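Here the structure is laid out as structure tokens; the discussion comes afterwards.
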Amino acid sequence: MGIVRDSDHSDGAPTVGETGIRVKDVASAYEHSGYSPDEITQLYPDLTLGDVHRALAYYYDHIDDFRSSSSEPASA
């Protein structure tokens with residue numbers, strides 16, 4: 001599975017294939033919660049280890065985009 005953007009799902013956020021699992025959720029589990037890639041596959045059984053690594057690679061390749069979007073105030 002690749003990383004896709006679909007405006008009909010997840011508000012157009014990058015997701016892992018057709019799983020609907022957002023790249024930023026995978027990255028957050030890894031970076032902020034300290035889960036290993038293997039543990040992330042247990043959190044998200046629809047993901048393979050390759051999917052997790054693809055999501056993390058995408059996240060780090062586009063990290064400025066993710067960080068700038070997370071600094072925007074949330075709308076009510």
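For the structure tokens, the naming scheme is as follows: chains receive sequential letters (A, B, ...) according to their order of presentation, residues are indexed from 1 within each chain, and ligands are indexed from 1 in presentation order.
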Practice problem: Might you pull out every residue within 12 Å of region 60-70 of chain A, with only C-alpha atoms counted and same-chain residues fewer than 2 positions away left off, and present them as JSON, numbers by chain? | Solution: {"A": [13, 14, 22, 23, 24, 25, 26, 27, 28, 30, 31, 53, 54, 55, 56, 57, 58, 72, 73, 74, 75]}
Would you give me, as a PyMOL selection string, the residues in chain A that DSSP reads as alpha helix (DSSP H)? chain A and resi 23-31+37-43+49-61+63-70
Strand (DSSP E) call set, DSSP backbone run, chain A, as a ChimeraX atom specification: /A:3-4,15-16
Kindly export the residues of the current selection with N, CA and C atoms, as a JSON list (two decimals), in the first residue's frame.
[["chain", "number", "residue", "atom", "x", "y", "z"],
["A", 3, "ILE", "N", 0.98, 5.70, 0.16],
["A", 3, "ILE", "CA", 0.38, 6.81, 0.90],
["A", 3, "ILE", "C", -0.51, 7.56, -0.08],
["A", 4, "VAL", "N", -1.75, 7.80, 0.34],
["A", 4, "VAL", "CA", -2.72, 8.46, -0.54],
["A", 4, "VAL", "C", -3.35, 9.65, 0.18],
["A", 15, "THR", "N", -3.01, 9.23, 4.14],
["A", 15, "THR", "CA", -3.32, 7.98, 4.83],
["A", 15, "THR", "C", -2.58, 6.83, 4.19],
["A", 16, "VAL", "N", -2.52, 5.74, 4.90],
["A", 16, "VAL", "CA", -1.87, 4.53, 4.39],
["A", 16, "VAL", "C", -2.89, 3.78, 3.54]]
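Picture a line from CA of Glu18 (chain A) to CA of Thr41 (chain A); it runs 15.7 Å.
From CA of Ile21 (chain A) back to CA of Thr48 (chain A), the distance works out to 12.1 Å.
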Shell around Glu39 (chain A) at 12 Å using only C-alpha atoms, local window under 3 positions removed, as a VMD selection string: chain A and resid 26 29 to 30 33 to 36 42 to 45 47 to 49 52
Requested write-out: N, CA, C and O atoms of the selected residues, as a tab-separated table (two decimals), in the first residue's frame:
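What follows is the written file again.tsv:
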chain	number	residue	atom	x	y	z
A	26	VAL	N	0.29	7.39	12.81
A	26	VAL	CA	1.40	6.43	12.87
A	26	VAL	C	2.64	7.13	13.43
A	26	VAL	O	3.31	6.61	14.33
A	29	ALA	N	2.34	7.83	17.16
A	29	ALA	CA	2.55	6.61	17.96
A	29	ALA	C	4.04	6.31	18.09
A	29	ALA	O	4.51	5.89	19.15
A	30	TYR	N	4.78	6.56	17.03
A	30	TYR	CA	6.22	6.29	17.02
A	30	TYR	C	7.00	7.37	17.77
A	30	TYR	O	7.77	7.07	18.68
A	33	SER	N	4.59	8.66	21.44
A	33	SER	CA	4.20	7.62	22.41
A	33	SER	C	5.27	6.56	22.60
A	33	SER	O	5.17	5.75	23.51
A	34	GLY	N	6.27	6.55	21.72
A	34	GLY	CA	7.40	5.64	21.90
A	34	GLY	C	7.17	4.21	21.44
A	34	GLY	O	7.94	3.32	21.80
A	35	TYR	N	6.13	3.98	20.64
A	35	TYR	CA	5.90	2.63	20.14
A	35	TYR	C	6.90	2.29	19.05
A	35	TYR	O	7.26	3.16	18.24
A	36	SER	N	7.33	1.05	19.02
A	36	SER	CA	8.20	0.58	17.94
A	36	SER	C	7.33	0.29	16.72
A	36	SER	O	6.11	0.12	16.84
A	42	GLN	N	0.55	-3.77	15.90
A	42	GLN	CA	-0.41	-4.33	16.85
A	42	GLN	C	-1.52	-3.32	17.17
A	42	GLN	O	-2.67	-3.71	17.37
A	43	LEU	N	-1.15	-2.04	17.22
A	43	LEU	CA	-2.15	-0.99	17.43
A	43	LEU	C	-3.08	-0.87	16.23
A	43	LEU	O	-4.28	-0.59	16.39
A	44	TYR	N	-2.52	-1.03	15.05
A	44	TYR	CA	-3.26	-0.91	13.80
A	44	TYR	C	-3.09	-2.20	12.99
A	44	TYR	O	-2.23	-2.28	12.11
A	45	PRO	N	-3.88	-3.23	13.28
A	45	PRO	CA	-3.70	-4.54	12.64
A	45	PRO	C	-3.84	-4.53	11.12
A	45	PRO	O	-3.37	-5.44	10.45
A	47	LEU	N	-2.27	-2.60	9.22
A	47	LEU	CA	-0.98	-2.19	8.67
A	47	LEU	C	0.04	-3.31	8.77
A	47	LEU	O	0.12	-4.01	9.79
A	48	THR	N	0.85	-3.44	7.72
A	48	THR	CA	2.00	-4.33	7.77
A	48	THR	C	3.19	-3.53	8.28
A	48	THR	O	3.14	-2.29	8.36
A	49	LEU	N	4.26	-4.21	8.58
A	49	LEU	CA	5.47	-3.53	9.02
A	49	LEU	C	5.96	-2.60	7.90
A	49	LEU	O	6.41	-1.47	8.18
A	52	VAL	N	3.99	0.63	7.95
A	52	VAL	CA	4.42	1.52	9.03
A	52	VAL	C	5.68	2.27	8.61
A	52	VAL	O	5.77	3.50	8.76
Exercise for the section: Quick one: pull the distance between CA of Arg5 (chain A) and CA of Gly17 (chain A), Å, one decimal. Expected result: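 Pair CA of Arg5 (chain A) / CA of Gly17 (chain A) returns 8.7 Å.
If you measure from each of A:Met1, A:Gly12, A:Asp6, A:Tyr59 to Asp46 (chain A) using only C-alpha atoms, the closest one turns out to be A:Met1.
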